[in-house]
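Undergrad: Pasting a structure here, questions to come.
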Amino acid sequence: MTVLDHDDLLNLIACPHCDALHRVQRPSNGEQAVCRRCHAVLIAPRRRAGMTIIMLSVSVMILVLGALWFPFLTISRSGFHNDASLLDAAFAFSSGPLLPLSLAVLALIVVVPLARVMLIVYVLLPVVFDRAPFPGAREAFRLSEALQPWSMAEVFALGCAVALVKIADLALIGFGPAFWMFAGLVVIIVVQDNFMCRWSIWSSLEPEDEPKFKPTSMTDPEIMNLPSPEAKA
Amino acid sequence: MSGDRHLSALTARDAGLVACRRCTRVWPGHETECGRCGASLASRDDRSLSRVWAWWVVGLICYVPANLYPMLSTRTLLSTSEATIVGGAIELIHHGSIGIAIVILVASVLIPMAKFACIAFLALTVERRTALSATSRQHLYELVEYVGRWSMIDVFVVAILSSLVQLNVAATINPGPASLAFALSVIFTMLSAQAFDSRLIWDGIEEADRPDDLAISAAGRDMAH
């Protein structure tokens with residue numbers, strides 16, 4: 001197995017969770033190829049996924065930017081009114097020693113989600129139109145993947161609901177437009193993640209001088225004998 | 001781990017290859033950087049466990065002040081009160097909002113504790129035998145990774161409340177020092193979970209097999225159960 005050439009390696013996929021080797025077999029759109037050993041999803045292509053992801057990303061951008069300025073929640077008690085936007089919430093800790101926390105909150109709920117969708121659009125735009133990837137596309141997608149666990153817009157949306165109930169008897173609370181924008185955002189982020197097939201995106205970013213994955217280019221008999229991932233509808 | 005033997009598979013490492021965990025591309029074993037996505041390659045991350053434990057300890061240290069100091073201080077016309085995480089939840093129960101109290105307790109007490117326990121368990125069982133199968137441990141790891149970010153909810157609640165409830169003399173809510181400690185604790189436990197190389201869970205299976213099956217060209221062996 002040590003004399004494999006590049007073409008053969010292209011036909012292999014190793015499960016990132018358990019390292020089990022598989023022979024790549026692209027499932028049909030809407031189906032998933034899962035690791036035979038640990039059942040992690042390896043390949044999950046969807047029809048017109050690229051365009052869908054781009055459109056969802058643009059919606060995320062619009063919603064986050066909108067949610068920045070519109071009030072999130074409004075409150076009134078004994079003649080006093082107040083409303084809080086996303087920026088107000090992020091800078092709630094801006095006084096004194098808690099300032100770093102303010103910056104972290106701003107990053108988690110605004111900067112990271114925005115950066116992620118912008119990076120994804122940058123990566124996918126040329127791919128969707130069958131052009132060569134933009135310069136730095138691979139670094140961009142790698143960064144976007146690394147940022148994924150730190151994108152917490154949906155956690156923040158649930159936090160709003162909890163905050164609301166927590167002070168419901170202290171004052172009169174109302175939802176502002178930004179709350180509904182964030183509620184929409186939660187759904188969009190879940191759907192977007194569903195359309196994202198990492199293997200397909202990385203394959204399309206294969207460097208120019210490398211051959212692309214071709215299901216027919218297998219020559220090594222040992223590779224032919226490897227199991228392909230399990231197909232799942 | 002003999003019960004897991006049917007889960008034995010030819011891994012990239014056994015085949016003399018190294019796999020990229022970021023993009024699943026496979027390279028010859030001597031490569032150090034993925035030619036497709038640029039991630040650094042390591043067949044097994046030797047320092048994975050030490051990094052797991054380092055972040056784990058820092059996270060646990062931060063979790064102590066997060067529970068001792070107040071999360072919020074509420075000032076109304078007549079009184080000022082400071083509440084810790086657990087104190088705030090108990091107050092909610094007194095007010096009758098048991099549902100929200102449960103959400104807070106689960107997100108800020110139960111999940112962080114369970115996360116510390118799970119990460120420690122996963123790291124310890126890499127080198128020790130355990131009754132729990134590799135599949136279950138993999139599920140446990142995925143759960144820990146997925147749940148990690150949701151612990152941040154309490155910090156966001158504090159942020160929302162302190163920005164919203166600024167009603168001059170009628171009522172004011174300000175964040176307490178525990179919010180910073182809690183946020184740090186969540187971040188460090190997330191880093192601890194991310195540092196764990198889940199392939200270590202599965203290596204035990206092949207290692208148990210090693211003595212009677214050293215052949216590297218095991219590709220033809222029936223791996224599909």
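Chain labels run A, B, ... following the order of the structure tokens; each chain numbers its residues from 1, and ligands are numbered from 1 in the order shown.
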Pick out the residues sitting within 8 Å of stretch 97-102 of chain A, and hand them over as a PyMOL selection string; count only C-alpha atoms, and ignore anything fewer than 6 positions along from it in its own chain.
TA: (chain A and resi 90-91) or (chain B and resi 177+180+183)
Undergrad: Using only C-alpha atoms, which protein or nucleic acid residues come within 7 Å of B:Glu82? Drop anything in the same chain fewer than 2 positions from it, and give the result as a PDB file with N, CA and C atoms, in the first residue's frame.
TA:
ATOM      1  N   PRO B  70     -21.312  36.443  42.461  1.00  0.00           N
ATOM      2  CA  PRO B  70     -22.629  36.697  41.859  1.00  0.00           C
ATOM      3  C   PRO B  70     -22.553  36.867  40.344  1.00  0.00           C
ATOM      4  N   LEU B  72     -25.295  38.177  38.705  1.00  0.00           N
ATOM      5  CA  LEU B  72     -26.081  39.381  38.456  1.00  0.00           C
ATOM      6  C   LEU B  72     -26.264  40.149  39.751  1.00  0.00           C
ATOM      7  N   SER B  73     -26.336  41.469  39.663  1.00  0.00           N
ATOM      8  CA  SER B  73     -26.828  42.196  40.822  1.00  0.00           C
ATOM      9  C   SER B  73     -28.045  43.010  40.371  1.00  0.00           C
ATOM     10  N   THR B  74     -29.151  42.810  41.054  1.00  0.00           N
ATOM     11  CA  THR B  74     -30.407  43.460  40.690  1.00  0.00           C
ATOM     12  C   THR B  74     -30.711  44.550  41.709  1.00  0.00           C
ATOM     13  N   THR B  80     -31.467  45.835  46.917  1.00  0.00           N
ATOM     14  CA  THR B  80     -30.425  45.387  46.007  1.00  0.00           C
ATOM     15  C   THR B  80     -30.175  43.922  46.326  1.00  0.00           C
ATOM     16  N   THR B  84     -26.006  34.320  42.717  1.00  0.00           N
ATOM     17  CA  THR B  84     -25.096  33.410  42.028  1.00  0.00           C
ATOM     18  C   THR B  84     -25.925  32.561  41.068  1.00  0.00           C
TER      19      THR B  84
END
Undergrad: Using only C-alpha atoms, which residue out of A:Val34, A:Ala146, A:Cys18, A:Leu114 lies closest to chain B?
TA: A:Cys18
Undergrad: Give me, as a ChimeraX atom specification, all polymer residues having an atom no more than 8 Å from B:Val158, counting only C-alpha atoms and skipping those fewer than 2 positions away in the same chain.
TA: /A:163 /B:71-72,154-156,160-162,175,179
Undergrad: Can you pull out every residue within 10 Å of stretch 111-115 of chain B, counting only C-alpha atoms, but drop anything in the same chain fewer than 3 positions away, and send it as a PyMOL selection string?
TA: chain B and resi 56+59-60+63+105-108+118-121+140-141+143-145+147-148+150-151+182+185-186+189-190+193
Undergrad: Contacts of A:Val110 at 10 Å or less, counting only C-alpha atoms, minus same-chain residues fewer than 5 places along, as a short mmCIF file (atom, residue, chain, number, x, y, z; two decimals) with N, CA and C atoms, in the first residue's frame?
TA:
data_model
loop_
_atom_site.label_atom_id
_atom_site.label_comp_id
_atom_site.auth_asym_id
_atom_site.auth_seq_id
_atom_site.Cartn_x
_atom_site.Cartn_y
_atom_site.Cartn_z
N MET A 61 -26.24 37.29 6.48
CA MET A 61 -25.57 38.58 6.55
C MET A 61 -26.57 39.71 6.78
N VAL A 64 -28.11 39.50 10.37
CA VAL A 64 -27.22 39.90 11.47
C VAL A 64 -27.01 41.41 11.45
N LEU A 65 -26.77 41.97 10.25
CA LEU A 65 -26.55 43.41 10.18
C LEU A 65 -27.80 44.16 10.62
N ALA A 67 -30.12 43.04 12.65
CA ALA A 67 -30.33 42.81 14.09
C ALA A 67 -29.40 43.67 14.93
N LEU A 68 -28.31 44.14 14.32
CA LEU A 68 -27.38 44.99 15.06
C LEU A 68 -28.05 46.28 15.49
N LEU A 86 -28.66 44.43 19.69
CA LEU A 86 -27.59 43.46 19.81
C LEU A 86 -26.30 44.12 20.31
N LEU A 87 -26.04 45.34 19.78
CA LEU A 87 -24.83 46.04 20.20
C LEU A 87 -24.88 46.38 21.68
N ALA A 90 -24.10 43.30 23.58
CA ALA A 90 -22.68 42.96 23.52
C ALA A 90 -21.86 43.87 24.44
N ALA A 104 -15.73 39.50 23.71
CA ALA A 104 -15.95 38.10 23.40
C ALA A 104 -17.39 37.87 22.97
N VAL A 105 -18.33 38.49 23.69
CA VAL A 105 -19.75 38.32 23.32
C VAL A 105 -20.00 38.87 21.93
N ALA A 115 -18.37 36.66 9.78
CA ALA A 115 -17.13 36.27 9.10
C ALA A 115 -17.31 34.92 8.42
N SER A 151 -19.44 30.06 16.52
CA SER A 151 -20.52 30.90 15.99
C SER A 151 -21.78 30.62 16.80
N MET A 152 -22.15 31.55 17.67
CA MET A 152 -23.16 31.22 18.68
C MET A 152 -24.44 32.03 18.56
N ALA A 153 -24.78 32.44 17.35
CA ALA A 153 -25.99 33.24 17.18
C ALA A 153 -27.21 32.51 17.72
#
Undergrad: Have a look at A:Ala161, A:Cys197, A:Val60, A:Ala92 and name the one nearest to chain B; count only C-alpha atoms.
TA: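 Comparing A:Ala161, A:Cys197, A:Val60, A:Ala92 against chain B, the winner is A:Ala92.
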Undergrad: Excluding A:Glu230 and its own-chain neighbours fewer than 6 positions away, which residues fall within 9 Å of it when counting only C-alpha atoms? Please give them as number ranges by chain.
TA: A: 32-36, 39
Undergrad: If you count only C-alpha atoms, which residues fall within 8 Å of A:Ala137, apart from same-chain ones fewer than 5 positions away, as a VMD selection string?
TA: chain A and resid 122 to 123 205
Undergrad: Going by DSSP on the backbone, which bits of chain B are strand (DSSP E)? Write them as an MDAnalysis selection string, please.
TA: chainID B and resid 17:19 26:28 72:76 80:83 166:167 171:175
Undergrad: Suppose we keep N, CA and C atoms; can you now write the selection as a PDB file, in the first residue's frame?
TA:
ATOM      1  N   LEU B  17      -0.446   5.534   5.667  1.00  0.00           N
ATOM      2  CA  LEU B  17      -0.888   6.823   5.145  1.00  0.00           C
ATOM      3  C   LEU B  17      -1.213   7.744   6.312  1.00  0.00           C
ATOM      4  N   VAL B  18      -1.402   9.012   5.992  1.00  0.00           N
ATOM      5  CA  VAL B  18      -1.835   9.940   7.024  1.00  0.00           C
ATOM      6  C   VAL B  18      -3.051  10.693   6.482  1.00  0.00           C
ATOM      7  N   ALA B  19      -4.058  10.811   7.326  1.00  0.00           N
ATOM      8  CA  ALA B  19      -5.299  11.432   6.876  1.00  0.00           C
ATOM      9  C   ALA B  19      -5.415  12.839   7.413  1.00  0.00           C
ATOM     10  N   VAL B  26      -6.367  11.883   1.984  1.00  0.00           N
ATOM     11  CA  VAL B  26      -5.357  10.950   2.472  1.00  0.00           C
ATOM     12  C   VAL B  26      -4.029  11.212   1.774  1.00  0.00           C
ATOM     13  N   TRP B  27      -2.935  11.175   2.534  1.00  0.00           N
ATOM     14  CA  TRP B  27      -1.604  11.456   1.985  1.00  0.00           C
ATOM     15  C   TRP B  27      -0.626  10.364   2.390  1.00  0.00           C
ATOM     16  N   PRO B  28       0.506  10.263   1.670  1.00  0.00           N
ATOM     17  CA  PRO B  28       1.549   9.325   2.112  1.00  0.00           C
ATOM     18  C   PRO B  28       1.994   9.687   3.530  1.00  0.00           C
ATOM     19  N   LEU B  72     -25.295  38.177  38.705  1.00  0.00           N
ATOM     20  CA  LEU B  72     -26.081  39.381  38.456  1.00  0.00           C
ATOM     21  C   LEU B  72     -26.264  40.149  39.751  1.00  0.00           C
ATOM     22  N   SER B  73     -26.336  41.469  39.663  1.00  0.00           N
ATOM     23  CA  SER B  73     -26.828  42.196  40.822  1.00  0.00           C
ATOM     24  C   SER B  73     -28.045  43.010  40.371  1.00  0.00           C
ATOM     25  N   THR B  74     -29.151  42.810  41.054  1.00  0.00           N
ATOM     26  CA  THR B  74     -30.407  43.460  40.690  1.00  0.00           C
ATOM     27  C   THR B  74     -30.711  44.550  41.709  1.00  0.00           C
ATOM     28  N   ARG B  75     -30.942  45.756  41.214  1.00  0.00           N
ATOM     29  CA  ARG B  75     -31.290  46.847  42.117  1.00  0.00           C
ATOM     30  C   ARG B  75     -32.664  47.385  41.743  1.00  0.00           C
ATOM     31  N   THR B  76     -33.595  47.284  42.653  1.00  0.00           N
ATOM     32  CA  THR B  76     -34.896  47.902  42.439  1.00  0.00           C
ATOM     33  C   THR B  76     -35.022  49.065  43.402  1.00  0.00           C
ATOM     34  N   THR B  80     -31.467  45.835  46.917  1.00  0.00           N
ATOM     35  CA  THR B  80     -30.425  45.387  46.007  1.00  0.00           C
ATOM     36  C   THR B  80     -30.175  43.922  46.326  1.00  0.00           C
ATOM     37  N   SER B  81     -30.086  43.098  45.307  1.00  0.00           N
ATOM     38  CA  SER B  81     -29.788  41.695  45.597  1.00  0.00           C
ATOM     39  C   SER B  81     -28.776  41.169  44.586  1.00  0.00           C
ATOM     40  N   GLU B  82     -27.923  40.330  45.058  1.00  0.00           N
ATOM     41  CA  GLU B  82     -26.935  39.710  44.177  1.00  0.00           C
ATOM     42  C   GLU B  82     -27.209  38.228  44.135  1.00  0.00           C
ATOM     43  N   ALA B  83     -27.142  37.645  42.949  1.00  0.00           N
ATOM     44  CA  ALA B  83     -27.476  36.225  42.855  1.00  0.00           C
ATOM     45  C   ALA B  83     -26.378  35.460  42.143  1.00  0.00           C
ATOM     46  N   GLN B 166     -32.119  48.732  32.415  1.00  0.00           N
ATOM     47  CA  GLN B 166     -31.427  49.941  32.882  1.00  0.00           C
ATOM     48  C   GLN B 166     -32.494  51.002  33.004  1.00  0.00           C
ATOM     49  N   LEU B 167     -33.384  50.852  33.997  1.00  0.00           N
ATOM     50  CA  LEU B 167     -34.548  51.716  34.093  1.00  0.00           C
ATOM     51  C   LEU B 167     -34.382  52.731  35.207  1.00  0.00           C
ATOM     52  N   ALA B 171     -35.498  49.977  38.246  1.00  0.00           N
ATOM     53  CA  ALA B 171     -34.831  48.670  38.302  1.00  0.00           C
ATOM     54  C   ALA B 171     -33.575  48.710  37.460  1.00  0.00           C
ATOM     55  N   THR B 172     -32.500  48.166  37.977  1.00  0.00           N
ATOM     56  CA  THR B 172     -31.254  48.079  37.221  1.00  0.00           C
ATOM     57  C   THR B 172     -30.640  46.715  37.457  1.00  0.00           C
ATOM     58  N   ILE B 173     -30.135  46.117  36.385  1.00  0.00           N
ATOM     59  CA  ILE B 173     -29.411  44.857  36.539  1.00  0.00           C
ATOM     60  C   ILE B 173     -28.002  45.053  36.005  1.00  0.00           C
ATOM     61  N   ASN B 174     -27.026  44.650  36.791  1.00  0.00           N
ATOM     62  CA  ASN B 174     -25.632  44.759  36.353  1.00  0.00           C
ATOM     63  C   ASN B 174     -24.944  43.402  36.430  1.00  0.00           C
ATOM     64  N   PRO B 175     -23.979  43.180  35.517  1.00  0.00           N
ATOM     65  CA  PRO B 175     -23.301  41.883  35.531  1.00  0.00           C
ATOM     66  C   PRO B 175     -22.347  41.757  36.721  1.00  0.00           C
TER      67      PRO B 175
END
Undergrad: In Å, with one decimal, what is the gap from atom CA of B:Leu132 to atom CA of B:Leu7?
TA: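 About the pair atom CA of B:Leu132 and atom CA of B:Leu7: they are 13.7 Å apart.
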Undergrad: Between B:Leu77, B:Val157, B:Ile98, B:Leu68, which one has atoms that come closest to chain A, using only C-alpha atoms?
TA: B:Val157
Undergrad: As number ranges by chain, please: all residues of stretch 6-206 of chain B that backbone DSSP puts in helix (DSSP H, G or I).
TA: B: 6-7, 48-68, 85-95, 98-125, 134-164, 178-195, 199-206
Undergrad: Can you build me a table of stretch 109-214 of chain B residues sitting at most 12 Å from stretch 40-51 of chain B, with the closest atom pair per residue and its distance in Å to one decimal, using only C-alpha atoms, sorted by chain and residue number, as JSON lines?
TA:
{"residue": "B:Ile119", "atom": "CA", "partner": "B:Leu49", "partner_atom": "CA", "distance": 10.4}
{"residue": "B:Ala120", "atom": "CA", "partner": "B:Leu49", "partner_atom": "CA", "distance": 10.1}
{"residue": "B:Phe121", "atom": "CA", "partner": "B:Leu49", "partner_atom": "CA", "distance": 11.9}
{"residue": "B:Leu122", "atom": "CA", "partner": "B:Leu49", "partner_atom": "CA", "distance": 9.9}
{"residue": "B:Ala123", "atom": "CA", "partner": "B:Leu49", "partner_atom": "CA", "distance": 6.6}
{"residue": "B:Leu124", "atom": "CA", "partner": "B:Leu49", "partner_atom": "CA", "distance": 9.1}
{"residue": "B:Thr125", "atom": "CA", "partner": "B:Leu49", "partner_atom": "CA", "distance": 11.2}
{"residue": "B:Val126", "atom": "CA", "partner": "B:Leu49", "partner_atom": "CA", "distance": 9.1}
{"residue": "B:Glu127", "atom": "CA", "partner": "B:Leu49", "partner_atom": "CA", "distance": 10.5}
{"residue": "B:Phe188", "atom": "CA", "partner": "B:Arg51", "partner_atom": "CA", "distance": 10.8}
{"residue": "B:Thr189", "atom": "CA", "partner": "B:Arg51", "partner_atom": "CA", "distance": 11.1}
{"residue": "B:Met190", "atom": "CA", "partner": "B:Arg51", "partner_atom": "CA", "distance": 11.9}
{"residue": "B:Leu191", "atom": "CA", "partner": "B:Arg51", "partner_atom": "CA", "distance": 8.8}
{"residue": "B:Ser192", "atom": "CA", "partner": "B:Arg51", "partner_atom": "CA", "distance": 6.9}
{"residue": "B:Ala193", "atom": "CA", "partner": "B:Arg51", "partner_atom": "CA", "distance": 9.5}
{"residue": "B:Gln194", "atom": "CA", "partner": "B:Ser48", "partner_atom": "CA", "distance": 9.3}
{"residue": "B:Ala195", "atom": "CA", "partner": "B:Ser48", "partner_atom": "CA", "distance": 5.7}
{"residue": "B:Phe196", "atom": "CA", "partner": "B:Ser48", "partner_atom": "CA", "distance": 5.6}
{"residue": "B:Asp197", "atom": "CA", "partner": "B:Ser48", "partner_atom": "CA", "distance": 6.1}
{"residue": "B:Ser198", "atom": "CA", "partner": "B:Ser48", "partner_atom": "CA", "distance": 9.6}
{"residue": "B:Arg199", "atom": "CA", "partner": "B:Arg44", "partner_atom": "CA", "distance": 7.5}
{"residue": "B:Leu200", "atom": "CA", "partner": "B:Arg44", "partner_atom": "CA", "distance": 7.6}
{"residue": "B:Ile201", "atom": "CA", "partner": "B:Arg44", "partner_atom": "CA", "distance": 11.3}
{"residue": "B:Trp202", "atom": "CA", "partner": "B:Arg44", "partner_atom": "CA", "distance": 11.4}
{"residue": "B:Asp203", "atom": "CA", "partner": "B:Arg44", "partner_atom": "CA", "distance": 9.6}
